[in-house]
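Enquirer: This is query30.cif, which holds mmCIF, C-alpha atoms:
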```cif
data_upload
loop_
_atom_site.label_atom_id
_atom_site.label_comp_id
_atom_site.auth_asym_id
_atom_site.auth_seq_id
_atom_site.Cartn_x
_atom_site.Cartn_y
_atom_site.Cartn_z
CA MET A 1 -13.08 0.13 -13.78
CA ASP A 2 -14.36 -2.90 -15.61
CA GLN A 3 -12.65 -6.26 -15.43
CA ASP A 4 -11.70 -6.30 -19.13
CA LEU A 5 -9.74 -3.09 -18.73
CA ILE A 6 -8.01 -4.38 -15.60
CA ALA A 7 -7.13 -7.58 -17.52
CA LYS A 8 -5.64 -5.43 -20.31
CA TYR A 9 -3.39 -3.62 -17.82
CA VAL A 10 -2.36 -6.88 -16.15
CA ASN A 11 -1.41 -8.32 -19.56
CA GLU A 12 0.60 -5.17 -20.25
CA LEU A 13 2.35 -5.67 -16.93
CA LEU A 14 3.28 -9.24 -17.88
CA THR A 15 4.72 -8.03 -21.18
CA LEU A 16 6.71 -5.32 -19.42
CA THR A 17 8.58 -7.84 -17.26
CA THR A 18 10.77 -8.71 -20.27
CA ARG A 19 10.79 -5.34 -22.02
CA ILE A 20 11.13 -2.64 -19.37
CA ASP A 21 14.38 -0.76 -18.80
CA PRO A 22 15.48 -2.01 -15.35
CA GLY A 23 17.07 1.38 -14.74
CA THR A 24 13.67 3.02 -14.43
CA LEU A 25 12.27 0.53 -11.90
CA VAL A 26 11.92 1.69 -8.30
CA PHE A 27 10.73 -0.60 -5.51
CA SER A 28 10.03 0.89 -2.10
CA TYR A 29 8.48 -0.40 1.09
CA ASP A 30 7.08 1.88 3.80
CA HIS A 31 6.54 0.11 7.11
CA ASP A 32 4.23 2.76 8.63
CA SER A 33 1.68 2.25 5.89
CA ASP A 34 2.75 -1.38 5.24
CA THR A 35 2.82 -0.56 1.53
CA LEU A 36 5.00 -1.81 -1.30
CA MET A 37 5.26 0.54 -4.29
CA VAL A 38 6.60 -0.49 -7.68
CA HIS A 39 7.27 2.51 -9.92
CA LEU A 40 7.78 1.29 -13.50
CA TYR A 41 9.18 4.57 -14.80
CA GLY A 42 10.66 6.13 -11.68
CA ARG A 43 8.95 8.31 -9.12
CA GLY A 44 7.31 11.66 -9.65
CA ILE A 45 4.38 10.82 -11.95
CA PRO A 46 1.02 11.83 -10.44
CA GLY A 47 -1.12 8.72 -10.43
CA VAL A 48 -4.35 7.15 -9.33
CA SER A 49 -4.65 3.71 -7.75
CA VAL A 50 -7.06 1.17 -9.22
CA PRO A 51 -8.06 -1.56 -6.75
CA VAL A 52 -7.83 -5.03 -8.29
CA ALA A 53 -8.27 -7.36 -5.31
CA ASP A 54 -7.20 -7.84 -1.72
CA GLY A 55 -4.97 -4.75 -1.38
CA TRP A 56 -3.41 -5.12 -4.84
CA MET A 57 -3.69 -2.03 -7.02
CA LEU A 58 -2.53 -0.84 -10.40
CA ARG A 59 -1.19 2.72 -10.64
CA LEU A 60 -2.23 4.72 -13.68
CA ASN A 61 -1.00 8.10 -14.87
CA ARG A 62 -3.82 10.51 -13.92
CA GLU A 63 -3.45 12.43 -17.17
CA THR A 64 -2.98 9.66 -19.73
CA ASP A 65 -4.26 6.45 -18.06
CA GLU A 66 -0.89 4.84 -18.89
CA LEU A 67 0.17 2.05 -16.51
CA ILE A 68 2.92 3.44 -14.26
CA GLY A 69 3.14 1.01 -11.36
CA VAL A 70 1.80 -1.43 -8.83
CA GLN A 71 0.84 -0.80 -5.20
CA ILE A 72 0.35 -3.52 -2.59
CA GLU A 73 -1.31 -2.42 0.64
CA ASN A 74 -0.80 -4.29 3.90
CA LEU A 75 2.10 -6.27 2.51
CA LEU A 76 3.34 -7.79 5.77
CA ALA A 77 -0.06 -7.99 7.48
CA GLY A 78 -1.86 -9.47 4.48
CA ALA A 79 -0.39 -10.19 1.06
CA ALA A 80 2.90 -11.77 2.16
CA ARG A 81 1.10 -14.13 4.52
CA LYS A 82 -0.76 -15.54 1.52
CA GLN A 83 2.26 -15.39 -0.82
CA PRO A 84 5.47 -15.48 1.28
CA ARG A 85 7.69 -15.27 -1.82
CA LEU A 86 6.65 -11.61 -2.07
CA LEU A 87 9.03 -10.95 0.82
CA ARG A 88 11.93 -11.51 -1.60
CA VAL A 89 10.92 -8.30 -3.36
CA LEU A 90 11.90 -6.39 -0.23
CA ASP A 91 15.52 -7.40 -0.86
CA ALA A 92 15.35 -5.17 -3.95
CA ALA A 93 13.40 -2.36 -2.30
CA GLU A 94 14.25 0.90 -0.62
CA LEU A 95 13.10 0.45 2.98
CA ARG A 96 11.49 3.05 5.25
CA GLY A 97 10.82 2.32 8.92
CA ILE A 98 12.08 -1.28 8.92
CA THR A 99 15.52 -2.91 8.80
CA PRO A 100 16.62 -5.96 6.79
CA ASP A 101 16.99 -7.84 10.12
CA GLU A 102 13.36 -7.13 11.00
CA ILE A 103 12.29 -8.34 7.56
CA ASP A 104 14.26 -11.55 8.12
CA ARG A 105 12.33 -12.07 11.36
CA VAL A 106 9.04 -11.63 9.49
CA ARG A 107 10.29 -14.00 6.78
CA ARG A 108 11.01 -16.70 9.38
CA GLU A 109 7.59 -16.18 10.95
CA VAL A 110 5.67 -16.19 7.67
CA ASP A 111 7.67 -18.68 5.67
CA ALA A 112 8.80 -21.19 8.31
CA PRO A 113 8.32 -24.76 7.04
CA THR A 114 6.41 -27.32 9.06
CA PRO A 115 8.51 -30.35 10.16
CA SER A 116 6.97 -32.35 7.27
CA ASP A 117 7.81 -29.59 4.78
CA ALA A 118 11.36 -29.40 6.15
CA LEU A 119 11.83 -33.16 5.75
CA ARG A 120 10.45 -33.04 2.20
CA LEU A 121 12.88 -30.21 1.43
CA VAL A 122 15.83 -32.28 2.66
CA VAL A 123 14.70 -35.41 0.79
CA GLU A 124 14.05 -33.51 -2.44
CA SER A 125 17.49 -31.89 -2.22
CA PHE A 126 19.27 -35.19 -1.53
CA PRO A 127 22.07 -35.73 -4.10
CA THR A 128 20.54 -38.84 -5.66
CA LEU A 129 22.11 -38.08 -9.03
CA ALA A 130 25.55 -38.26 -7.44
CA LEU A 131 24.71 -41.69 -5.98
CA VAL A 132 23.52 -43.00 -9.34
CA ALA A 133 26.59 -41.62 -11.06
CA GLY A 134 28.88 -43.08 -8.41
CA MET B 1 8.63 14.73 14.11
CA ALA B 2 6.77 17.93 13.41
CA VAL B 3 3.01 17.98 12.85
CA VAL B 4 2.21 19.44 9.42
CA LEU B 5 -1.57 19.04 9.74
CA GLU B 6 -3.88 18.52 12.71
CA SER B 7 -7.49 17.77 11.87
CA ILE B 8 -10.62 16.94 13.82
CA ASP B 9 -12.29 13.96 12.21
CA TYR B 10 -16.03 13.42 11.71
CA GLN B 11 -16.26 11.85 15.19
CA GLY B 12 -14.38 14.69 16.92
CA ARG B 13 -11.09 12.80 17.26
CA ARG B 14 -7.77 14.57 16.73
CA VAL B 15 -5.82 13.24 13.73
CA ARG B 16 -2.25 14.30 12.99
CA LEU B 17 -0.16 14.18 9.85
CA THR B 18 3.57 14.38 10.64
CA ASP B 19 6.32 15.71 8.41
CA ASP B 20 8.04 12.33 7.98
CA VAL B 21 4.86 10.68 6.65
CA TRP B 22 4.03 13.69 4.48
CA PHE B 23 7.47 14.33 2.94
CA ASP B 24 9.14 10.89 3.10
CA HIS B 25 6.14 8.80 2.09
CA VAL B 26 3.06 10.62 0.72
CA LEU B 27 4.73 13.24 -1.47
CA LEU B 28 7.50 10.86 -2.51
CA GLU B 29 5.24 8.01 -3.60
CA HIS B 30 2.01 9.88 -4.43
CA PRO B 31 2.92 13.24 -6.04
CA GLU B 32 -0.73 13.72 -7.02
CA LEU B 33 -1.22 14.99 -3.45
CA ARG B 34 1.25 17.87 -3.74
CA ASN B 35 -0.40 20.96 -2.19
CA ARG B 36 -3.44 18.87 -1.21
CA GLN B 37 -3.21 18.96 2.58
CA HIS B 38 -6.57 20.74 2.61
CA ALA B 39 -8.11 17.76 0.77
CA ILE B 40 -6.81 15.44 3.50
CA ASP B 41 -8.28 17.73 6.17
CA LEU B 42 -11.64 17.75 4.35
CA THR B 43 -11.64 13.97 3.92
CA LEU B 44 -11.01 13.43 7.63
CA ALA B 45 -13.58 16.03 8.77
CA SER B 46 -16.27 15.19 6.25
CA PRO B 47 -15.75 11.78 4.64
CA HIS B 48 -18.21 10.10 2.31
CA GLN B 49 -17.38 6.68 3.74
CA VAL B 50 -15.19 5.22 6.48
CA ASN B 51 -14.09 1.58 6.44
CA GLN B 52 -12.23 -0.73 8.78
CA ASP B 53 -8.75 -1.57 7.50
CA LYS B 54 -8.85 -5.19 6.42
CA ASP B 55 -5.59 -6.32 8.04
CA HIS B 56 -4.78 -3.70 10.72
CA PRO B 57 -7.50 -3.64 13.44
CA ASP B 58 -6.32 -0.25 14.80
CA ARG B 59 -6.69 1.51 11.43
CA GLU B 60 -9.64 3.21 9.76
CA VAL B 61 -9.82 4.19 6.10
CA PHE B 62 -11.45 7.50 5.12
CA TYR B 63 -12.80 8.17 1.60
CA ARG B 64 -14.03 11.39 0.03
CA ARG B 65 -14.84 11.91 -3.63
CA SER B 66 -13.91 14.84 -5.90
CA VAL B 67 -11.44 16.65 -3.65
CA LEU B 68 -8.49 16.30 -6.03
CA PRO B 69 -7.50 18.74 -8.77
CA PRO B 70 -8.10 18.11 -12.50
CA PRO B 71 -8.08 15.76 -14.25
CA ASP B 72 -11.13 15.19 -12.07
CA LYS B 73 -12.38 11.72 -12.85
CA ASN B 74 -14.46 11.52 -9.70
CA ASP B 75 -11.56 9.77 -8.02
CA TYR B 76 -11.65 9.34 -4.26
CA LEU B 77 -9.02 10.51 -1.84
CA LYS B 78 -8.17 7.64 0.49
CA VAL B 79 -6.62 8.44 3.89
CA VAL B 80 -5.52 5.64 6.23
CA VAL B 81 -5.42 6.56 9.93
CA GLN B 82 -4.02 4.55 12.84
CA PHE B 83 -5.75 5.28 16.17
CA ARG B 84 -4.35 4.82 19.66
CA GLU B 85 -5.40 5.91 23.12
CA SER B 86 -3.17 8.54 24.75
CA GLY B 87 -2.16 8.53 28.41
CA SER B 88 -5.06 10.87 29.20
CA GLY B 89 -7.56 8.53 27.56
CA GLU B 90 -7.99 10.58 24.39
CA THR B 91 -8.16 8.67 21.10
CA ILE B 92 -5.62 10.20 18.73
CA GLY B 93 -5.11 9.33 15.07
CA SER B 94 -1.98 9.37 12.92
CA VAL B 95 -2.21 9.47 9.14
CA ARG B 96 -0.26 6.53 7.70
CA THR B 97 -0.83 7.12 4.01
CA ALA B 98 -3.02 9.00 1.55
CA PHE B 99 -3.52 8.69 -2.20
CA ALA B 100 -5.98 8.98 -5.07
CA ILE B 101 -8.06 5.90 -5.81
CA THR B 102 -10.70 5.20 -8.46
CA HIS B 103 -13.21 3.41 -6.24
CA ILE B 104 -13.68 2.00 -2.76
CA PRO B 105 -12.44 -1.60 -2.45
CA ARG B 106 -15.27 -4.01 -1.73
CA GLU B 107 -13.33 -6.17 0.70
CA GLU B 108 -13.00 -3.49 3.42
CA PRO B 109 -15.75 -3.72 6.08
CA LYS B 110 -17.84 -0.54 6.12
CA LEU B 111 -17.88 1.39 9.44
CA TRP B 112 -19.79 4.51 8.48
CA THR B 113 -21.28 6.11 5.43
CA ARG B 114 -22.75 9.55 4.81
CA THR B 115 -26.54 9.42 4.52
#
```
Starting from the coordinates I provided, produce the structure as structure tokens.

Expert:
Amino acid sequence: MDQDLIAKYVNELLTLTTRIDPGTLVFSYDHDSDTLMVHLYGRGIPGVSVPVADGWMLRLNRETDELIGVQIENLLAGAARKQPRLLRVLDAAELRGITPDEIDRVRREVDAPTPSDALRLVVESFPTLALVAG
Amino acid sequence: MAVVLESIDYQGRRVRLTDDVWFDHVLLEHPELRNRQHAIDLTLASPHQVNQDKDHPDREVFYRRSVLPPPDKNDYLKVVVQFRESGSGETIGSVRTAFAITHIPREEPKLWTRT
């Protein structure tokens, strides 16, 4: 699939974030395959996956080519190590083969701040406004 | 876990698909594979290309074109298999996922291709 068409689907996805009925969204994570599925209109629509980059795929309806979802392969082994905030999606997902406690362990491993980052976090959160006001 | 499909792959290794993977993952998330166990068997036995999984060193990715029902857009069937050595020294594979895909991702290192 050419890049222009992929860009069209990605733009559609961006638009959908504000327009889609949240009731039709299904997020699921399967630990055996290390795959996160996002079904935009519920499960049950036969689809085909379109590789975009690095394990990220769009899911299209096989009959109509309509965008029906997103698939991320190797979420814990790959994608979440590059973008740890993706792990937050698992809090909204149906889980298969992994518990929330195990995900928390992965989150600590993947998203643990360095001592410098931790200090910056404390300093940036310091209630300076309260001091000025006081 | 019951085995719903046991195949011999193109290198003579046994590969199993269990009922939990088939019913609780593949059919649930990828309904395009309903009634397509034979296509998985064919892809494992006679793939067009086999790649190394990019992030899981113990996994191989099998691809075969045109094994899915209409609308046939020359999609590939992709089957991901995790291999381990059994107590007797036999290498046994377990299918982890399978789904239709439009083309083979470039970033996966190629292990084998049909000539």

Enquirer: Just how far from CA of Arg84 (chain B) is CA of Pro57 (chain B), in Å to one decimal?

Expert: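 Distance reported for this atom pair: 11.0 Å.
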
Enquirer: If we count all atoms listed in the file, which residues of chain A reach to within 9 Å of chain B? Please list them as a list of chain:residue names.

Expert: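 So the residues of chain A near chain B are A:Met1, A:Ser28, A:Asp30, A:Asp32, A:Ser33, A:Asp34, A:Thr35, A:Met37, A:His39, A:Arg43, A:Gly44, A:Ile45, A:Pro46, A:Gly47, A:Val48, A:Ser49, A:Val50, A:Pro51, A:Val52, A:Ala53, A:Asp54, A:Gly55, A:Arg59, A:Arg62, A:Glu63, A:Asn74, A:Ala77, A:Gly78, A:Arg96.
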
Enquirer: When you draw a straight line from CA of Leu87 (chain A) to CA of Ala112 (chain A), how long is it in Å?

Expert: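 Taking CA of Leu87 (chain A) as the start and CA of Ala112 (chain A) as the end point, the length is 12.7 Å.
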
Enquirer: Please measure the separation of CA of Val10 (chain A) and CA of Leu67 (chain A), giving the value in Å to one decimal.

Expert: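 So the answer is 9.3 Å.
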
Enquirer: Could you give me the centre and size, in Å to one decimal, of an axis-aligned box around all listed atoms of region 100-118 of chain A with 3 Å added on every side, as lines of an AutoDock Vina configuration file?

Expert:
```
center_x = 11.3
center_y = -19.2
center_z = 8.1
size_x = 17.3
size_y = 32.4
size_z = 12.6
```
